[in-house]
$ cat work37.cif   # mmCIF, C-alpha atoms
data_query
#
loop_
_atom_site.label_atom_id
_atom_site.label_comp_id
_atom_site.auth_asym_id
_atom_site.auth_seq_id
_atom_site.Cartn_x
_atom_site.Cartn_y
_atom_site.Cartn_z
CA MET Y 570 160.06 92.19 92.03
CA LYS Y 571 158.62 91.29 95.43
CA LYS Y 572 156.22 94.21 95.15
CA PHE Y 573 155.10 92.95 91.72
CA ALA Y 574 154.44 89.46 93.16
CA LYS Y 575 152.34 90.99 95.93
CA VAL Y 576 150.29 92.92 93.37
CA ILE Y 577 149.79 89.73 91.35
CA ALA Y 578 148.76 87.83 94.51
CA ALA Y 579 146.34 90.59 95.48
CA ALA Y 580 144.90 90.63 91.98
CA LEU Y 581 144.45 86.84 92.03
CA LEU Y 582 142.77 87.04 95.44
CA ALA Y 583 140.45 89.79 94.19
CA ALA Y 584 139.65 87.72 91.08
CA THR Y 585 138.92 84.65 93.23
CA VAL Y 586 136.60 86.64 95.50
CA ALA Y 587 134.88 88.18 92.48
CA VAL Y 588 134.38 84.78 90.84
CA SER Y 589 133.11 83.15 94.04
CA THR Y 590 130.69 86.06 94.57
CA ALA Y 591 129.49 85.71 91.00
CA VAL Y 592 128.98 81.96 91.47
CA SER Y 593 126.85 82.49 94.59
CA ALA Y 594 124.90 85.22 92.78
CA LEU Y 595 124.12 82.67 90.09
CA ALA Y 596 122.78 80.23 92.64
CA ALA Y 597 119.22 80.83 91.40
CA GLY Y 598 119.69 78.10 88.82
CA ILE Y 599 120.28 74.42 89.35
CA ASN Y 600 123.96 73.67 89.90
CA ALA Y 601 125.67 70.43 88.89
CA ASP Y 602 125.37 68.94 92.39
CA GLU Y 603 121.66 69.75 92.63
CA GLN Y 604 121.21 68.17 89.20
CA ARG Y 605 122.93 65.00 90.49
CA ILE Y 606 120.32 64.81 93.29
CA LEU Y 607 117.48 65.30 90.79
CA ASN Y 608 118.95 62.53 88.62
CA VAL Y 609 118.94 60.13 91.59
CA LEU Y 610 115.34 61.10 92.42
CA ASP Y 611 114.42 60.27 88.83
CA THR Y 612 115.67 56.66 89.07
CA THR Y 613 113.37 53.72 89.68
CA ALA Y 614 113.10 51.54 92.78
CA ASN Y 615 112.30 47.89 92.34
CA LEU Y 616 109.31 47.04 94.52
CA ASN Y 617 108.98 43.27 94.35
CA GLY Y 618 109.59 43.29 90.62
CA ASN Y 619 107.55 46.46 90.01
CA PRO Y 620 109.76 49.35 88.85
CA THR Y 621 108.46 52.42 90.70
CA LYS Y 622 109.43 56.08 90.54
CA ILE Y 623 108.54 58.88 92.91
CA PRO Y 624 105.56 60.83 91.55
CA VAL Y 625 106.55 63.62 89.16
CA GLU Y 626 104.96 66.27 91.40
CA TYR Y 627 107.47 65.46 94.18
CA TYR Y 628 110.35 65.63 91.71
CA ASN Y 629 109.04 69.01 90.50
CA GLN Y 630 108.86 70.31 94.07
CA ALA Y 631 112.53 69.40 94.59
CA GLU Y 632 113.42 71.15 91.33
CA SER Y 633 111.47 74.28 92.36
CA TYR Y 634 113.22 74.30 95.72
CA PHE Y 635 116.65 74.10 94.11
CA LEU Y 636 115.68 77.01 91.83
CA GLN Y 637 115.32 79.36 94.79
CA SER Y 638 118.10 81.91 94.98
CA ASP Y 639 119.03 81.18 98.60
CA VAL Y 640 119.41 77.44 97.99
CA ASP Y 641 122.84 76.37 96.79
CA ILE Y 642 123.79 72.80 97.56
CA SER Y 643 127.50 71.98 97.78
CA LYS Y 644 129.25 68.85 96.49
CA THR Y 645 129.70 67.48 100.04
CA GLU Y 646 126.00 68.00 100.83
CA ALA Y 647 124.95 66.45 97.53
CA ASP Y 648 127.18 63.40 98.12
CA GLU Y 649 125.65 62.88 101.58
CA ILE Y 650 122.08 63.36 100.29
CA ILE Y 651 122.61 60.93 97.42
CA LYS Y 652 124.08 58.31 99.77
CA LYS Y 653 121.10 58.65 102.12
CA ILE Y 654 118.58 58.53 99.25
CA ASN Y 655 120.18 55.32 98.06
CA ASP Y 656 119.95 53.94 101.63
CA VAL Y 657 116.19 54.66 101.67
CA LYS Y 658 115.83 53.08 98.25
CA ALA Y 659 117.75 49.97 99.34
CA TYR Y 660 115.60 49.64 102.47
CA ILE Y 661 112.34 49.94 100.51
CA GLU Y 662 113.51 47.36 97.99
CA SER Y 663 114.53 45.01 100.80
CA ILE Y 664 111.07 45.04 102.46
CA GLY Y 665 109.51 43.10 99.62
CA VAL Y 666 106.27 45.07 99.15
CA SER Y 667 104.78 45.62 95.71
CA LYS Y 668 102.88 48.86 96.48
CA TRP Y 669 103.33 51.76 98.88
CA SER Y 670 99.97 50.90 100.45
CA GLU Y 671 101.39 47.57 101.65
CA LEU Y 672 103.86 49.25 103.99
CA SER Y 673 103.24 48.66 107.71
CA ASP Y 674 103.21 51.47 110.28
CA SER Y 675 106.66 50.56 111.58
CA GLN Y 676 108.07 50.42 108.04
CA ILE Y 677 106.55 53.85 107.29
CA GLN Y 678 108.06 55.26 110.49
CA LYS Y 679 111.47 53.85 109.52
CA ILE Y 680 111.23 55.40 106.04
CA VAL Y 681 110.10 58.73 107.56
CA GLY Y 682 113.12 58.66 109.88
CA MET Y 683 115.50 57.87 107.02
CA SER Y 684 113.90 60.56 104.81
CA ASN Y 685 114.29 63.04 107.64
CA ASP Y 686 118.01 62.26 107.61
CA VAL Y 687 118.07 63.01 103.87
CA VAL Y 688 116.47 66.47 104.14
CA GLY Y 689 118.27 67.15 107.42
CA VAL Y 690 121.52 67.50 105.48
CA ILE Y 691 120.25 70.83 104.13
CA ASP Y 692 118.52 71.99 107.33
CA LEU Y 693 115.04 70.83 106.43
CA GLU Y 694 112.77 68.55 108.39
CA LEU Y 695 110.06 66.16 107.33
CA SER Y 696 106.94 65.69 109.46
CA TYR Y 697 104.56 62.76 109.04
CA TYR Y 698 100.99 63.03 110.33
CA LYS Y 699 99.49 59.57 110.39
CA ASN Y 700 95.93 60.68 111.15
CA ALA Y 701 95.80 63.57 108.69
CA ALA Y 702 93.76 63.45 105.50
CA PRO Y 703 95.53 62.28 102.34
CA GLY Y 704 97.42 65.24 100.93
CA SER Y 705 98.28 66.57 104.40
CA LYS Y 706 100.26 63.63 105.76
CA VAL Y 707 103.75 64.73 104.79
CA ARG Y 708 105.17 68.22 105.16
CA VAL Y 709 108.73 69.43 104.62
CA THR Y 710 109.66 72.66 106.37
CA LYS Y 711 112.78 74.62 107.25
CA LYS Y 712 114.30 73.24 110.46
CA GLY Y 713 112.97 74.94 113.59
CA GLY Y 714 110.46 76.99 111.65
CA SER Y 715 107.17 76.65 109.89
CA THR Y 716 108.36 77.80 106.44
CA ASN Y 717 106.68 75.42 104.05
CA VAL Y 718 108.98 73.84 101.47
CA GLY Y 719 106.79 71.06 100.12
CA GLY Y 720 104.65 68.08 100.91
CA ASP Y 721 102.28 65.44 99.61
CA ASP Y 722 99.54 67.91 98.58
CA LYS Y 723 97.12 66.67 95.95
CA PRO Y 724 97.77 68.39 92.62
CA VAL Y 725 94.09 69.38 92.36
CA LYS Y 726 92.79 71.17 95.43
CA ASP Y 727 89.32 71.76 96.89
CA THR Y 728 88.41 75.10 95.39
CA GLY Y 729 84.75 75.19 96.31
CA PHE Y 730 83.07 76.59 99.37
CA GLU Y 731 86.00 77.12 101.70
CA THR Y 732 86.27 74.69 104.66
CA GLY Y 733 86.33 77.38 107.34
CA ALA Y 734 83.40 79.19 105.80
CA ALA Y 735 81.46 75.90 105.58
CA ALA Y 736 82.04 75.19 109.26
CA VAL Y 737 80.98 78.69 110.27
CA THR Y 738 77.87 78.52 108.07
CA VAL Y 739 76.76 75.17 109.47
CA ALA Y 740 77.37 76.29 113.04
CA GLY Y 741 75.63 79.63 112.40
CA LEU Y 742 72.65 78.01 110.70
CA GLY Y 743 72.26 75.50 113.52
CA ALA Y 744 72.53 78.17 116.21
CA LEU Y 745 70.01 80.39 114.41
CA LEU Y 746 67.43 77.62 114.09
CA ILE Y 747 67.85 76.45 117.67
CA THR Y 748 67.50 80.02 118.95
CA ALA Y 749 64.42 80.60 116.79
CA ALA Y 750 62.86 77.38 118.02
CA GLY Y 751 63.62 78.25 121.64
CA VAL Y 752 62.14 81.73 121.31
CA TYR Y 753 59.04 80.31 119.67
CA LEU Y 754 58.52 77.69 122.37
CA VAL Y 755 59.01 80.16 125.22
CA ASN Y 756 56.70 82.79 123.75
CA ALA Y 757 54.07 80.51 122.31
CA PRO Y 758 50.73 80.92 124.08
CA LYS Y 759 50.12 77.82 126.16
CA LYS Y 760 46.78 76.29 125.45
CA GLU Y 761 45.36 74.37 128.33
CA LYS Y 762 43.30 71.45 127.40
CA VAL Y 763 40.11 71.35 129.33
CA VAL Y 764 38.75 67.92 129.66
CA GLU Y 765 35.11 68.03 130.06
CA MET I 305 41.57 69.91 138.00
CA SER I 306 43.78 66.79 138.27
CA LYS I 307 43.08 66.03 134.63
CA ARG I 308 44.32 69.54 133.73
CA LYS I 309 47.65 68.94 135.59
CA SER I 310 48.30 65.63 133.88
CA SER I 311 47.62 67.25 130.51
CA HIS I 312 50.12 70.03 131.39
CA ARG I 313 52.76 67.41 132.36
CA SER I 314 52.33 65.61 129.05
CA MET I 315 52.76 68.95 127.24
CA ASN I 316 56.02 69.53 129.20
CA GLY I 317 57.27 66.13 128.12
CA LYS I 318 56.38 66.97 124.57
CA ASN I 319 58.12 70.35 124.83
CA PHE I 320 61.31 69.11 126.40
CA ILE I 321 61.84 65.76 124.66
CA ILE I 322 59.93 65.41 121.43
CA LEU I 323 60.22 68.97 120.09
CA PRO I 324 64.02 69.21 120.58
CA ILE I 325 64.39 65.89 118.79
CA ILE I 326 62.21 67.11 115.95
CA PHE I 327 64.15 70.38 115.72
CA SER I 328 67.48 68.56 115.86
CA LEU I 329 66.41 66.31 113.01
CA LEU I 330 65.12 69.35 111.14
CA ILE I 331 68.42 71.16 111.59
CA LEU I 332 70.39 68.13 110.48
CA GLY I 333 68.12 67.81 107.45
CA ILE I 334 68.63 71.45 106.52
CA CYS I 335 72.39 71.15 107.03
CA TYR I 336 72.40 68.07 104.85
CA ALA I 337 70.41 69.76 102.10
CA VAL I 338 72.38 73.00 102.18
CA VAL I 339 75.99 71.99 102.75
CA MET I 340 76.13 68.26 102.22
CA PRO I 341 75.89 67.36 98.55
CA SER I 342 78.68 65.01 99.50
CA ALA I 343 79.86 63.85 102.89
CA ARG I 344 83.33 65.18 102.26
CA THR I 345 82.57 68.61 103.70
CA PHE I 346 81.94 67.19 107.17
CA ILE I 347 84.85 64.80 106.83
CA LYS I 348 87.08 67.77 106.06
CA MET I 349 85.67 69.73 109.00
CA GLY I 350 86.19 66.71 111.20
CA SER I 351 89.76 66.40 110.02
CA LEU I 352 90.22 70.03 111.00
CA PHE I 353 89.59 69.06 114.63
CA PHE I 354 90.91 65.52 114.82
CA SER I 355 93.91 65.62 112.48
CA ASP I 356 97.33 65.56 114.12
CA SER I 357 98.86 67.86 111.48
CA GLU I 358 99.83 71.38 112.46
CA LYS I 359 97.41 74.11 111.41
CA ASN I 360 98.41 77.59 110.42
CA PHE I 361 95.56 80.08 110.11
CA SER I 362 97.78 83.08 109.56
CA ASN I 363 96.71 85.14 106.56
CA ASP I 364 100.04 86.95 106.14
CA TYR I 365 102.12 86.56 103.00
CA ASN I 366 105.25 87.94 101.40
CA ASN I 367 104.93 89.98 98.23
CA ILE I 368 107.89 89.96 95.81
CA PHE I 369 105.91 91.26 92.82
CA VAL I 370 107.31 94.38 91.19
CA PRO I 371 105.45 95.06 87.91
CA VAL I 372 107.49 95.62 84.77
CA ALA I 373 106.36 97.96 81.99
CA GLU I 374 103.93 96.36 79.59
CA GLU I 375 104.61 96.19 75.88
CA PRO I 376 102.12 98.59 74.25
CA GLU I 377 99.48 97.23 71.89
CA GLU I 378 100.21 97.44 68.17
CA GLY I 379 99.51 100.83 66.64
CA THR I 380 100.73 102.87 69.60
CA SER I 381 103.58 105.37 69.32
CA GLU I 382 106.96 103.86 68.46
CA VAL I 383 108.67 106.37 70.76
CA SER I 384 107.04 104.98 73.90
CA LYS I 385 107.27 101.35 72.79
CA VAL I 386 109.12 99.08 75.25
CA GLU I 387 110.48 95.93 73.64
CA GLU I 388 109.94 92.81 75.76
CA PRO I 389 113.11 90.69 75.91
CA LYS I 390 112.78 87.30 74.20
CA THR I 391 114.61 85.50 77.01
CA VAL I 392 115.37 86.23 80.62
CA PRO I 393 118.32 84.63 82.46
CA LEU I 394 117.30 82.33 85.31
CA SER I 395 120.04 83.91 87.44
CA SER I 396 118.25 87.28 87.24
CA ILE I 397 114.98 85.91 88.59
CA GLU I 398 113.96 85.67 92.21
CA TYR I 399 112.30 82.26 92.04
CA PRO I 400 109.29 82.48 94.38
CA LYS I 401 108.99 80.48 97.58
CA ILE I 402 105.75 78.76 98.57
CA GLY I 403 103.31 81.37 99.87
CA GLU I 404 104.80 84.37 98.07
CA GLN I 405 102.86 86.63 95.74
CA PHE I 406 105.03 87.01 92.65
CA GLY I 407 102.59 88.30 90.04
CA GLU I 408 99.03 88.91 88.97
CA LEU I 409 96.65 87.18 86.60
CA ILE I 410 94.24 89.09 84.40
CA ILE I 411 91.48 87.77 82.12
CA GLU I 412 89.71 90.90 80.91
CA ASP I 413 86.86 88.97 79.25
CA CYS I 414 86.12 87.24 82.56
CA GLN I 415 86.45 90.34 84.79
CA THR I 416 89.27 88.56 86.56
CA ASP I 417 92.19 90.54 87.97
CA VAL I 418 93.78 88.68 90.87
CA LYS I 419 97.02 88.25 92.78
CA LEU I 420 99.14 85.29 91.70
CA PHE I 421 100.93 83.22 94.34
CA PHE I 422 103.38 80.34 94.25
CA GLY I 423 101.69 77.58 96.23
CA ASP I 424 97.99 76.81 96.51
CA GLY I 425 97.39 76.49 100.24
CA TYR I 426 94.97 78.20 102.61
CA VAL I 427 96.64 81.62 102.63
CA GLU I 428 97.28 81.74 98.88
CA LEU I 429 93.72 80.80 97.88
CA ASN I 430 92.28 83.20 100.47
CA ASN I 431 94.17 86.09 98.90
CA GLY I 432 94.18 85.24 95.21
CA VAL I 433 95.01 82.30 92.95
CA GLY I 434 97.97 79.97 93.40
CA ILE I 435 100.34 77.85 91.35
CA TYR I 436 100.67 74.26 92.56
CA ALA I 437 104.21 73.83 93.94
CA GLY I 438 104.57 70.62 91.89
CA SER I 439 104.29 72.71 88.72
CA PHE I 440 106.30 75.73 87.54
CA ILE I 441 106.23 79.48 86.99
CA PRO I 442 105.46 81.20 83.65
CA GLY I 443 108.33 81.17 81.17
CA TYR I 444 109.94 78.03 82.60
CA GLY I 445 108.68 75.91 79.70
CA LYS I 446 106.66 73.40 81.70
CA THR I 447 103.19 73.02 83.20
CA ILE I 448 101.69 75.95 85.15
CA MET I 449 98.74 74.73 87.21
CA ILE I 450 96.73 77.47 88.90
CA ALA I 451 93.92 76.98 91.43
CA GLY I 452 91.36 79.51 92.67
CA HIS I 453 88.11 79.39 94.63
CA ASN I 454 84.94 79.30 92.52
CA CYS I 455 83.07 81.64 94.86
CA THR I 456 85.75 84.35 94.83
CA PHE I 457 88.85 84.86 92.69
CA PHE I 458 88.12 82.32 89.95
CA ASN I 459 84.37 82.87 89.80
CA GLY I 460 85.01 84.71 86.51
CA LEU I 461 86.22 81.50 84.85
CA LYS I 462 82.55 80.72 84.14
CA TYR I 463 82.77 83.36 81.37
CA ALA I 464 85.90 81.79 79.85
CA LYS I 465 85.77 80.99 76.15
CA VAL I 466 88.28 79.49 73.74
CA GLY I 467 90.37 82.23 72.11
CA GLN I 468 90.26 84.65 75.05
CA LYS I 469 93.55 86.03 76.33
CA VAL I 470 95.01 85.45 79.78
CA LYS I 471 97.69 87.87 80.98
CA ILE I 472 100.17 87.01 83.69
CA ARG I 473 102.37 89.82 84.96
CA THR I 474 105.49 88.98 86.96
CA SER I 475 108.57 90.87 88.12
CA TYR I 476 110.63 89.29 85.33
CA GLY I 477 108.23 89.69 82.42
CA ASN I 478 104.68 89.84 81.15
CA TYR I 479 103.05 86.79 79.56
CA THR I 480 100.03 86.31 77.37
CA TYR I 481 98.28 82.96 76.96
CA GLU I 482 95.35 82.02 74.77
CA ILE I 483 92.57 79.78 76.06
CA THR I 484 92.55 76.63 73.92
CA ASP I 485 90.14 74.33 75.69
CA ILE I 486 87.67 74.07 78.57
CA GLN I 487 86.76 70.79 80.21
CA ILE I 488 84.84 69.60 83.25
CA LYS I 489 86.60 66.67 84.87
CA ASN I 490 86.73 64.86 88.17
CA ALA I 491 89.36 66.20 90.59
CA LYS I 492 90.95 62.75 90.75
CA ASP I 493 91.16 62.40 86.97
CA LYS I 494 94.89 62.52 86.26
CA SER I 495 94.24 62.96 82.54
CA ALA I 496 93.24 66.56 83.38
CA TYR I 497 96.89 67.60 83.66
CA ASP I 498 100.41 66.52 82.74
CA LEU I 499 102.97 67.63 85.29
CA ALA I 500 105.78 65.98 83.32
CA ALA I 501 105.11 68.02 80.17
CA GLN I 502 108.20 69.62 78.66
CA THR I 503 106.29 72.37 76.87
CA GLU I 504 104.76 75.41 78.49
CA ASN I 505 101.05 74.93 79.11
CA LEU I 506 98.67 76.81 81.36
CA ILE I 507 95.98 75.06 83.39
CA MET I 508 93.55 77.07 85.50
CA TYR I 509 90.84 75.31 87.48
CA THR I 510 88.16 75.83 90.06
CA CYS I 511 85.32 73.81 91.58
CA TYR I 512 82.29 73.10 89.43
CA PRO I 513 79.39 73.94 89.38
CA PHE I 514 80.11 77.60 90.11
CA ASP I 515 76.97 78.29 92.17
CA ALA I 516 77.28 75.18 94.33
CA LEU I 517 77.77 75.28 98.07
CA GLY I 518 79.90 72.54 99.57
CA PHE I 519 82.65 70.48 98.03
CA TYR I 520 81.98 68.92 94.69
CA PRO I 521 84.08 66.28 92.96
CA ASP I 522 84.19 68.08 89.61
CA ARG I 523 86.56 70.80 88.48
CA TYR I 524 86.26 73.36 85.69
CA PHE I 525 89.57 73.18 83.83
CA VAL I 526 90.58 76.01 81.48
CA TYR I 527 93.63 75.28 79.31
CA GLY I 528 95.88 77.78 77.59
CA LYS I 529 98.94 78.01 75.35
CA LEU I 530 101.74 80.55 75.50
CA VAL I 531 101.39 83.39 72.99
CA SER I 532 104.08 85.79 74.17
CA GLY I 533 106.46 86.44 77.03
CA PRO I 534 110.14 85.92 77.77
CA VAL I 535 111.43 82.35 77.94
CA ILE I 536 113.50 81.67 81.07
CA ASP I 537 117.03 80.73 80.01
CA LYS I 538 117.95 77.96 82.45
CA LYS I 539 121.62 78.00 81.45
CA SER I 540 122.36 81.61 82.29
#

$ encode --input "work37.cif" --output "structure tokens"
Amino acid sequence: MKKFAKVIAAALLAATVAVSTAVSALAAGINADEQRILNVLDTTANLNGNPTKIPVEYYNQAESYFLQSDVDISKTEADEIIKKINDVKAYIESIGVSKWSELSDSQIQKIVGMSNDVVGVIDLELSYYKNAAPGSKVRVTKKGGSTNVGGDDKPVKDTGFETGAAAVTVAGLGALLITAAGVYLVNAPKKEKVVE
Amino acid sequence: MSKRKSSHRSMNGKNFIILPIIFSLLILGICYAVVMPSARTFIKMGSLFFSDSEKNFSNDYNNIFVPVAEEPEEGTSEVSKVEEPKTVPLSSIEYPKIGEQFGELIIEDCQTDVKLFFGDGYVELNNGVGIYAGSFIPGYGKTIMIAGHNCTFFNGLKYAKVGQKVKIRTSYGNYTYEITDIQIKNAKDKSAYDLAAQTENLIMYTCYPFDALGFYPDRYFVYGKLVSGPVIDKKS
């Protein structure tokens, strides 16, 4: 009888391991806890009477990140993230601004710090570059690395003459003309004016 | 003799002060005419040097694209015919990370056959065309917004016409879209795209005009609808 119980216990253990392995293999989708985070991100914040949502492109970036097979957020992590998101939301609502553009530098820094706490729960970090061009101010990366996870990129990019190529062309063109002018001036026959 | 020397001195002054100024102005004028249809090019170059954001000029990328067999055209042998599945479970897909090549995009009528990346940053657009990370991959049932440079990988979009087919090959299935519309819009015009759309729609864009040097505010948007390809089943 004891032997039978051991077999049953071993079978249950094997089944548990198999199920847990299967669950982690299915992590490519969005689990219930990740969906709870997305639902919170989809709520509105009240900015001085103006209901405001985060732009849909940021929401989509979060959804895409959760879809990755090596991202599987647990209930504990989701609870902590949701609490911290609500803290950020409460702080923004308490400031009393009507638009994002009305935020002061110190308020932005405080929000950046709080947002960093949010993403820090799942080993990500948020960097804010005050002097960068719009679309390059916020970047979310894996902690301690440069793996890009998302940011405030403009949906429509500059797809014309590439920036690096433009810089090289301008510099090259300038250098060519200056060299040509120098060579001309050095080699030009000097005419001496003879004053009669 | 003394008159000759003073004339030589005035020539030196002319050579070393006035001519460089004239040439500098000339160079600036040429730069302006060639590369400066708008001031944004220099602003962007300036931001390259003065911005406090980290720059990564690496051109390396990860490739997760493994082509799957294409469904033969109608009329080919039934024996060799490979049926495309109607749906593909999300759990079976390796959802791409930003910067990864996960497919290729082909528009035969436009002589376009390019690598498809997830993400539309420096590396992605230097190596092919890229899906904006705030949009989704083919088959997901939402907006797919793809960028490419007008002087390289998306130069062929200038031959795009309504009704032409766009093929996207990925590791989890092959997709065909049909071009439904072409519009020239300002890059800041949010009516050019709908990132909240709940139906699959393809948007490809590049800078316009195609032969322009420098950054222009307009974009050439080519829109498409899904014709065939497996739908990603988000619940399995």

$ closest_residue --input "work37.cif" --among "I:Ile483, I:Ala501, I:Val531, I:Leu420" --to "I:Lys446" --atoms "only C-alpha atoms"
I:Ala501

$ atom_distance --input "work37.cif" --atom1 "atom CA of I:Ser395" --atom2 "atom CA of I:Pro534"
14.0 Å

$ residues_around --input "work37.cif" --residues "stretch 492-496 of chain I" --least-positions-apart "3" --cutoff "12 Å" --atoms "all atoms listed in the file" --output "short mmCIF file (atom, residue, chain, number, x, y, z; two decimals) with C-alpha atoms, in the frame of the given file"
data_model
loop_
_atom_site.label_atom_id
_atom_site.label_comp_id
_atom_site.auth_asym_id
_atom_site.auth_seq_id
_atom_site.Cartn_x
_atom_site.Cartn_y
_atom_site.Cartn_z
CA GLU Y 626 104.96 66.27 91.40
CA LYS Y 723 97.12 66.67 95.95
CA PRO Y 724 97.77 68.39 92.62
CA VAL Y 725 94.09 69.38 92.36
CA LYS Y 726 92.79 71.17 95.43
CA ASP Y 727 89.32 71.76 96.89
CA THR I 447 103.19 73.02 83.20
CA MET I 449 98.74 74.73 87.21
CA ASP I 485 90.14 74.33 75.69
CA ILE I 486 87.67 74.07 78.57
CA GLN I 487 86.76 70.79 80.21
CA ILE I 488 84.84 69.60 83.25
CA LYS I 489 86.60 66.67 84.87
CA LEU I 499 102.97 67.63 85.29
CA ALA I 500 105.78 65.98 83.32
CA LEU I 506 98.67 76.81 81.36
CA ILE I 507 95.98 75.06 83.39
CA MET I 508 93.55 77.07 85.50
CA TYR I 509 90.84 75.31 87.48
CA TYR I 520 81.98 68.92 94.69
CA PRO I 521 84.08 66.28 92.96
CA ASP I 522 84.19 68.08 89.61
CA ARG I 523 86.56 70.80 88.48
CA TYR I 524 86.26 73.36 85.69
CA PHE I 525 89.57 73.18 83.83
CA VAL I 526 90.58 76.01 81.48
CA TYR I 527 93.63 75.28 79.31
#

$ resolve_selection --input "work37.cif" --expression "the PyMOL selection byres ((chain Y and resi 680-692) around 9)" --output "MDAnalysis selection string"
chainID Y and resid 642 646:647 649:654 656:657 660:661 675:679 693:697 709:713

$ closest_residue --input "work37.cif" --among "I:Thr474, I:Asn454, I:Gln468, I:Thr416" --to "chain Y" --atoms "all atoms listed in the file"
I:Asn454
